[in-house]
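Student: If it helps, the file is called input-v1.csv and holds CSV, C-alpha atoms and all ligand atoms:
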```csv
chain,number,residue,atom,x,y,z
A,1,MET,CA,86.6,92.4,90.7
A,2,GLY,CA,86.3,93.6,94.3
A,3,LYS,CA,88.9,92.9,96.9
A,4,GLN,CA,88.5,89.6,98.8
A,5,ALA,CA,87.3,90.2,102.4
A,6,LEU,CA,90.0,89.7,105.0
A,7,LYS,CA,89.7,86.5,107.1
A,8,LEU,CA,92.6,87.6,109.3
A,9,LEU,CA,91.5,88.7,112.9
A,10,VAL,CA,92.4,92.2,113.8
A,11,VAL,CA,92.3,93.0,117.5
A,12,ARG,CA,92.6,96.5,119.0
A,13,THR,CA,92.1,96.2,122.8
A,14,VAL,CA,93.4,94.0,125.6
A,15,ALA,CA,89.9,92.5,126.0
A,16,GLU,CA,89.9,91.5,122.4
A,17,LEU,CA,93.4,90.0,122.8
A,18,ASP,CA,92.2,88.0,125.8
A,19,SER,CA,89.3,86.6,123.9
A,20,TRP,CA,91.5,85.7,120.9
A,21,ARG,CA,93.8,83.8,123.3
A,22,GLU,CA,90.9,82.0,125.1
A,23,LYS,CA,89.7,80.6,121.8
A,24,LEU,CA,93.1,79.5,120.6
A,25,PRO,CA,94.0,75.8,120.6
A,26,ALA,CA,96.7,75.0,123.0
A,27,GLY,CA,100.2,75.8,121.8
A,28,LYS,CA,103.1,78.3,121.9
A,29,ILE,CA,102.4,81.9,120.9
A,30,GLY,CA,105.1,83.7,118.8
A,31,PHE,CA,105.0,87.5,118.7
A,32,VAL,CA,106.4,89.8,116.0
A,33,PRO,CA,106.3,93.5,117.1
A,34,THR,CA,106.4,96.0,114.2
A,35,MET,CA,105.5,99.5,113.2
A,36,GLY,CA,103.9,98.3,110.0
A,37,ALA,CA,104.8,99.1,106.3
A,38,LEU,CA,105.7,95.5,106.3
A,39,HIS,CA,108.3,94.0,103.9
A,40,ASP,CA,110.2,90.8,103.5
A,41,GLY,CA,112.4,91.6,106.5
A,42,HIS,CA,109.3,91.6,108.8
A,43,MET,CA,108.0,88.5,107.0
A,44,ALA,CA,111.3,86.7,107.8
A,45,LEU,CA,110.4,87.2,111.5
A,46,VAL,CA,106.9,85.9,110.9
A,47,GLN,CA,108.4,82.8,109.2
A,48,ALA,CA,110.8,82.2,112.0
A,49,ALA,CA,107.9,82.5,114.4
A,50,SER,CA,105.8,80.1,112.4
A,51,LYS,CA,108.6,77.5,112.6
A,52,THR,CA,109.0,77.7,116.4
A,53,CYS,CA,105.4,78.5,117.5
A,54,ASP,CA,101.9,77.2,116.9
A,55,HIS,CA,100.3,80.7,116.7
A,56,VAL,CA,101.8,83.9,115.4
A,57,ILE,CA,100.6,87.4,116.3
A,58,VAL,CA,102.0,90.5,114.7
A,59,SER,CA,101.6,94.0,116.3
A,60,ILE,CA,101.4,97.1,114.1
A,61,PHE,CA,101.9,100.2,116.2
A,62,VAL,CA,103.8,103.3,115.4
A,63,ASN,CA,105.1,104.1,118.9
A,64,PRO,CA,105.2,107.8,119.5
A,65,LEU,CA,107.5,107.3,122.6
A,66,GLN,CA,110.5,106.2,120.5
A,67,PHE,CA,110.5,109.2,118.1
A,68,GLY,CA,112.4,112.4,118.9
A,69,PRO,CA,110.6,115.8,118.3
A,70,ASN,CA,112.4,116.3,115.0
A,71,GLU,CA,112.0,112.7,113.8
A,72,ASP,CA,109.5,111.2,111.3
A,73,PHE,CA,106.6,110.0,113.6
A,74,SER,CA,103.9,111.8,111.7
A,75,LYS,CA,105.1,110.9,108.3
A,76,TYR,CA,106.1,107.3,109.1
A,77,PRO,CA,104.5,105.1,106.4
A,78,ARG,CA,101.1,103.7,107.4
A,79,VAL,CA,99.6,101.2,105.0
A,80,LEU,CA,97.4,99.0,107.2
A,81,GLU,CA,95.3,97.3,104.5
A,82,GLN,CA,98.4,96.2,102.6
A,83,ASP,CA,100.0,95.0,105.8
A,84,LEU,CA,96.9,92.9,106.8
A,85,ARG,CA,96.9,91.2,103.4
A,86,LEU,CA,100.5,90.3,103.8
A,87,CYS,CA,100.0,88.9,107.3
A,88,GLU,CA,97.0,86.9,106.0
A,89,LYS,CA,99.1,85.5,103.2
A,90,PHE,CA,101.8,84.4,105.7
A,91,GLY,CA,99.3,82.6,108.0
A,92,VAL,CA,99.4,85.0,110.9
A,93,SER,CA,96.7,84.2,113.5
A,94,ALA,CA,96.0,87.8,114.5
A,95,VAL,CA,97.2,91.3,114.1
A,96,PHE,CA,97.2,93.5,117.2
A,97,HIS,CA,96.7,97.1,116.0
A,98,PRO,CA,96.1,99.2,119.2
A,99,SER,CA,95.6,102.9,119.6
A,100,VAL,CA,98.0,105.0,121.5
A,101,GLU,CA,95.5,105.2,124.3
A,102,VAL,CA,95.4,101.4,124.6
A,103,VAL,CA,99.2,101.1,124.8
A,104,TYR,CA,99.6,104.1,127.1
A,105,PRO,CA,96.4,104.2,129.2
A,106,SER,CA,97.7,107.0,131.4
A,107,GLY,CA,99.1,109.1,128.6
A,108,GLN,CA,102.6,109.6,127.3
A,109,VAL,CA,104.1,111.8,130.0
A,110,GLY,CA,104.7,111.2,133.7
A,111,ILE,CA,104.3,107.5,133.2
A,112,THR,CA,106.3,104.5,134.3
A,113,THR,CA,109.0,103.7,131.7
A,114,VAL,CA,111.7,101.1,131.3
A,115,GLN,CA,115.3,102.5,131.5
A,116,PRO,CA,117.9,100.3,129.8
A,117,PRO,CA,121.4,100.4,131.2
A,118,ALA,CA,123.4,103.5,130.2
A,119,GLU,CA,126.3,101.4,128.9
A,120,LEU,CA,124.0,99.8,126.3
A,121,ILE,CA,122.2,103.0,125.1
A,122,SER,CA,124.7,105.8,125.5
A,123,GLY,CA,126.6,104.9,122.2
A,124,LEU,CA,125.7,104.0,118.6
A,125,CYS,CA,122.0,105.0,117.8
A,126,GLY,CA,121.4,106.0,121.4
A,127,ALA,CA,123.9,108.8,121.1
A,128,PHE,CA,122.0,110.3,118.2
A,129,ARG,CA,118.5,109.5,119.3
A,130,PRO,CA,118.1,110.6,123.0
A,131,GLY,CA,115.2,108.8,124.6
A,132,HIS,CA,114.7,106.4,121.7
A,133,PHE,CA,115.6,103.2,123.6
A,134,VAL,CA,113.6,104.1,126.7
A,135,GLY,CA,110.6,104.4,124.2
A,136,VAL,CA,111.5,101.1,122.6
A,137,ALA,CA,112.0,99.2,125.9
A,138,THR,CA,108.8,100.7,127.3
A,139,VAL,CA,106.6,99.9,124.4
A,140,VAL,CA,108.0,96.3,124.1
A,141,ASN,CA,107.4,95.8,127.8
A,142,ASN,CA,103.8,97.1,127.5
A,143,LEU,CA,103.2,94.9,124.4
A,144,PHE,CA,104.6,91.8,126.1
A,145,ASN,CA,102.3,92.4,129.1
A,146,MET,CA,99.3,92.7,126.8
A,147,VAL,CA,100.1,89.9,124.3
A,148,ARG,CA,101.8,87.6,126.8
A,149,PRO,CA,103.8,85.6,124.2
A,150,ASP,CA,106.0,82.6,124.7
A,151,TYR,CA,108.5,83.8,122.1
A,152,ALA,CA,109.2,87.2,120.5
A,153,PHE,CA,111.1,87.8,117.3
A,154,PHE,CA,113.3,90.8,116.5
A,155,GLY,CA,115.5,91.6,113.5
A,156,GLU,CA,119.3,91.7,113.8
A,157,LYS,CA,119.1,94.7,111.5
A,158,ASP,CA,118.3,96.8,114.6
A,159,PHE,CA,121.1,95.2,116.5
A,160,GLN,CA,121.3,97.6,119.4
A,161,GLN,CA,117.5,97.3,119.9
A,162,LEU,CA,117.8,93.5,119.9
A,163,GLN,CA,120.5,93.7,122.7
A,164,VAL,CA,118.4,96.2,124.7
A,165,ILE,CA,115.4,93.9,124.5
A,166,LYS,CA,117.5,90.8,125.5
A,167,HIS,CA,118.9,92.6,128.5
A,168,MET,CA,115.5,93.9,129.5
A,169,VAL,CA,114.0,90.4,129.4
A,170,LYS,CA,116.8,89.0,131.5
A,171,ASP,CA,117.1,91.9,134.0
A,172,LEU,CA,113.3,92.0,134.6
A,173,ASN,CA,112.8,88.1,134.6
A,174,MET,CA,110.3,88.4,131.8
A,175,GLN,CA,108.9,85.0,130.8
A,176,VAL,CA,109.5,85.3,127.1
A,177,GLN,CA,112.2,83.9,124.8
A,178,VAL,CA,113.7,86.5,122.6
A,179,VAL,CA,114.9,85.3,119.2
A,180,GLY,CA,117.1,87.3,116.8
A,181,VAL,CA,116.5,86.9,113.1
A,182,PRO,CA,119.2,87.6,110.4
A,183,THR,CA,118.8,90.8,108.2
A,184,VAL,CA,117.0,90.4,104.9
A,185,ARG,CA,118.6,92.4,102.1
A,186,GLU,CA,117.9,93.5,98.6
A,187,ASN,CA,120.0,91.8,95.9
A,188,ASP,CA,122.4,94.7,95.9
A,189,GLY,CA,123.0,94.3,99.7
A,190,LEU,CA,120.7,97.2,101.0
A,191,ALA,CA,119.0,96.1,104.2
A,192,LEU,CA,115.2,96.2,103.8
A,193,SER,CA,113.6,98.9,105.8
A,194,SER,CA,110.3,100.7,105.9
A,195,ARG,CA,112.3,103.9,105.5
A,196,ASN,CA,113.8,102.9,102.1
A,197,VAL,CA,110.7,104.3,100.4
A,198,TYR,CA,111.8,107.8,101.3
A,199,LEU,CA,115.0,107.4,99.3
A,200,SER,CA,115.3,109.4,96.0
A,201,ASP,CA,116.5,107.4,93.0
A,202,VAL,CA,120.0,108.9,93.4
A,203,GLN,CA,120.0,108.1,97.1
A,204,ARG,CA,118.7,104.6,96.4
A,205,ASN,CA,121.7,104.0,94.0
A,206,LEU,CA,124.1,105.1,96.7
A,207,ALA,CA,122.5,103.2,99.6
A,208,PRO,CA,124.1,99.7,98.9
A,209,GLN,CA,127.4,101.3,99.6
A,210,ILE,CA,126.6,100.9,103.3
A,211,TYR,CA,126.7,97.1,103.0
A,212,ARG,CA,129.8,97.3,100.8
A,213,ALA,CA,131.6,99.4,103.4
A,214,LEU,CA,130.6,97.0,106.1
A,215,THR,CA,131.8,94.1,104.1
A,216,ALA,CA,135.1,95.8,103.3
A,217,ALA,CA,135.7,96.6,107.0
A,218,LYS,CA,134.9,93.0,108.0
A,219,ASP,CA,137.3,91.6,105.4
A,220,ALA,CA,140.0,94.0,106.4
A,221,ILE,CA,139.7,93.1,110.1
A,222,LEU,CA,139.7,89.3,109.3
A,223,ASN,CA,142.8,89.9,107.0
A,224,GLY,CA,144.7,91.4,109.9
A,225,SER,CA,144.0,95.2,109.7
A,226,GLN,CA,143.8,97.3,112.8
A,227,ILE,CA,140.2,97.8,113.8
A,228,SER,CA,140.7,101.6,113.9
A,229,ASP,CA,142.1,101.6,110.3
A,230,ALA,CA,139.2,99.4,109.0
A,231,VAL,CA,136.4,101.6,110.6
A,232,ALA,CA,138.1,104.8,109.5
A,233,ALA,CA,138.3,103.6,105.9
A,234,GLY,CA,134.6,102.5,106.0
A,235,LYS,CA,133.6,105.9,107.4
A,236,ALA,CA,135.6,107.8,104.9
A,237,SER,CA,134.2,105.8,101.9
A,238,LEU,CA,130.6,106.6,102.9
A,239,SER,CA,131.3,110.2,103.9
A,240,ALA,CA,132.8,110.7,100.4
A,241,LEU,CA,129.4,110.1,98.9
A,242,ASP,CA,127.4,113.2,97.8
A,243,GLY,CA,124.7,114.1,100.4
A,244,VAL,CA,125.7,111.3,102.9
A,245,THR,CA,126.6,112.0,106.5
A,246,VAL,CA,127.9,109.2,108.6
A,247,GLN,CA,126.7,109.3,112.2
A,248,TYR,CA,128.8,106.4,113.4
A,249,PHE,CA,130.9,103.6,111.9
A,250,GLU,CA,132.1,101.4,114.8
A,251,CYS,CA,133.3,97.9,115.7
A,252,CYS,CA,131.8,96.7,118.9
A,253,ASP,CA,131.4,93.7,121.1
A,254,PRO,CA,128.2,91.9,120.0
A,255,ILE,CA,126.8,91.6,123.5
A,256,SER,CA,128.0,94.6,125.5
A,257,LEU,CA,128.2,96.9,122.4
A,258,LYS,CA,131.4,98.4,123.8
A,259,PRO,CA,134.1,99.3,121.3
A,260,VAL,CA,136.5,96.5,120.4
A,261,THR,CA,140.1,97.0,119.7
A,262,ASP,CA,141.4,93.4,119.5
A,263,PRO,CA,140.9,92.1,115.9
A,264,LYS,CA,140.8,88.5,117.3
A,265,ALA,CA,137.9,89.2,119.7
A,266,PRO,CA,134.2,88.6,118.8
A,267,SER,CA,132.9,91.8,117.1
A,268,ILE,CA,130.4,93.4,114.8
A,269,VAL,CA,130.6,96.5,112.6
A,270,LEU,CA,127.7,98.9,112.8
A,271,VAL,CA,126.8,102.0,110.9
A,272,ALA,CA,124.2,104.7,110.8
A,273,ALA,CA,124.3,107.2,107.9
A,274,LYS,CA,121.9,109.9,106.8
A,275,TYR,CA,121.1,110.1,103.1
A,276,GLY,CA,119.7,113.6,103.2
A,277,GLU,CA,116.9,113.3,105.8
A,278,VAL,CA,116.7,109.5,105.5
A,279,ARG,CA,118.5,107.7,108.3
A,280,LEU,CA,119.7,104.2,107.5
A,281,ILE,CA,121.3,101.7,109.8
A,282,ASP,CA,123.0,98.4,109.2
A,283,ASN,CA,125.6,96.0,110.7
A,284,LEU,CA,127.6,92.9,110.0
A,285,VAL,CA,129.1,90.3,112.3
A,286,VAL,CA,132.9,90.1,111.9
A,287,ARG,CA,133.5,87.3,114.3
A,288,SER,CA,131.0,85.6,116.6
A,301,LIG,P1,110.1,98.1,112.5
A,301,LIG,O1,108.7,97.9,111.9
A,301,LIG,O2,111.0,98.8,111.7
A,301,LIG,O3,110.0,98.6,113.9
A,301,LIG,O4,110.7,96.6,112.6
A,301,LIG,C1,110.0,95.6,113.2
A,301,LIG,C2,110.9,94.4,113.4
A,301,LIG,O5,111.4,94.0,112.1
A,301,LIG,C3,112.2,94.7,114.2
A,301,LIG,O6,112.5,93.7,115.0
A,301,LIG,C4,113.2,94.9,113.1
A,301,LIG,O7,114.6,94.6,113.5
A,301,LIG,C5,112.8,93.9,112.1
A,301,LIG,N1,113.3,94.2,110.7
A,301,LIG,C6,113.2,95.4,110.1
A,301,LIG,N2,113.9,95.3,108.9
A,301,LIG,C7,114.4,94.0,108.8
A,301,LIG,C8,115.2,93.3,107.9
A,301,LIG,N3,115.6,93.9,106.7
A,301,LIG,N4,115.6,92.1,108.1
A,301,LIG,C9,115.2,91.5,109.3
A,301,LIG,N5,114.4,92.1,110.2
A,301,LIG,C10,114.1,93.3,110.0
```
Write out the structure in this file as structure tokens.
Ligand code: AMP

Tutor:
Amino acid sequence: MGKQALKLLVVRTVAELDSWREKLPAGKIGFVPTMGALHDGHMALVQAASKTCDHVIVSIFVNPLQFGPNEDFSKYPRVLEQDLRLCEKFGVSAVFHPSVEVVYPSGQVGITTVQPPAELISGLCGAFRPGHFVGVATVVNNLFNMVRPDYAFFGEKDFQQLQVIKHMVKDLNMQVQVVGVPTVRENDGLALSSRNVYLSDVQRNLAPQIYRALTAAKDAILNGSQISDAVAAGKASLSALDGVTVQYFECCDPISLKPVTDPKAPSIVLVAAKYGEVRLIDNLVVRS
């Protein structure tokens, strides 16, 4: 049997987006920006959007501006057909799949970009990925301007990204409500990520240790440990694994992302670790 034809609308230009919007019945538009290789984590955003909004649009765009020169832009997984079928199954109204030229009509250099505040992006992932959050904020701004959604949905898995976007929307008076969605995990605790497919079997077996280390740090802090001891223990437990390099293991304020030392203050533990070439991130709220 041949594959069923797709009924889902795929739009690639601003003109096509405008014509999609003109034909829509009145109602709120919910937007889920992604880089594709969709999994249940992305679909949790789609489901959250479907609950709040009348129409859901997903973008699939691997944004060159947010990748460093030695990062995985060219080999980032691209599985459009599979993604479209998943979107159709989840009742998405349209998928926006633009070219680089549509998103960046003047090219990628010498263009207007969005610069998030240094305090938000100098630490955590920003310290290891120079230029990453300028690329993220710029593409999200461009996508918002093209899609013009009422609501936009982002995963808490990329916690620093979520805070950068929330600050951008507030600082620039953007007329969109940003909604954070809890992290979806495998049964063993590993946060779903498009990059998990890069893990070897050995690395995949060691990957759930990230969530275990975060949980242990959270429990220790809630049970009265000093934050510095809890994060040092977490970092040491992951660094002890073969082939694993911890980039950071920190406890921060959930809004400012500044390091927290008071165990009674609101806080979140965040980690980035490289399993060989595969960079995984995760986080867990300690106290909200
Ligand atoms: P990406 O395609 O990796 O750029 O992710 C697109 C959106 O999906 C971002 O807002 C991510 O935070 C979110 N996301 C990715 N993985 C997960 C997950 N495991 N649970 C919830 N949201 C996720």

Student: Please identify all protein, DNA and RNA residues within 6 Å of ligand LIG 301 (chain A), counting only C-alpha atoms and all ligand atoms, and report them as a list in words.

Tutor: Pro33, Thr34, Met35, Gly36, Gly41, His42, Phe154, Gly155, Glu156, Lys157, Asp158, Pro182, Thr183, Val184, Arg185, Ala191, Leu192 and Ser193 of chain A

Student: Could you check which residues have any atom within 10 Å of (140.4, 95.3, 120.6), counting all atoms listed in the file with coordinates taken straight from the file, and then list them as a ChimeraX atom specification?

Tutor: /A:226-228,251-253,259-267

Student: Determine, for each residue of region 45-150 of chain A having at least one atom at most 10 Å from an atom of region 272-276 of chain A, the closest pair of atoms and their separation in Å to one decimal, counting all atoms listed in the file; order by chain and ascending number, as CSV.

Tutor:
```
residue,atom,partner,partner_atom,distance
A:Leu124,CA,A:Ala272,CA,8.0
A:Cys125,CA,A:Ala272,CA,7.3
A:Phe128,CA,A:Ala272,CA,9.5
```

Student: Closest to Leu80 (chain A) among A:Leu38, A:Val178, A:Leu45, A:Val134, using only C-alpha atoms?

Tutor: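 For Leu80 (chain A), the nearest of the given residues is A:Leu38.
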
Student: For CA of Arg287 (chain A) and CA of Leu222 (chain A), quote the distance in Å rounded to one decimal.

Tutor: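 Computing it gives 8.2 Å between the two atoms.
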
Student: Name the closest residue to Leu199 (chain A) among the candidates A:Gly123, A:Gly180, A:Gly131, A:Gly243; distances are taken between atoms, counting all atoms listed in the file.

Tutor: A:Gly243

Student: Neighbouring residues of Ser93 (chain A) were defined as those with any atom within 9 Å, considering only C-alpha atoms; residues of the same chain fewer than 5 positions away were excluded. Please report them as a PyMOL selection string.

Tutor: chain A and resi 8-9+55-58+87-88

Student: Between A:Tyr104, A:Phe96, A:Phe133, A:Phe144, which residue has the minimum interatomic distance to Leu162 (chain A), considering only C-alpha atoms?

Tutor: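 Once distances to Leu162 (chain A) are computed over only C-alpha atoms, the minimum belongs to A:Phe133.
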
Student: CA of Ser200 (chain A) and CA of Gly135 (chain A), how far apart in Å?

Tutor: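 Interatomic distance here is 29.0 Å.
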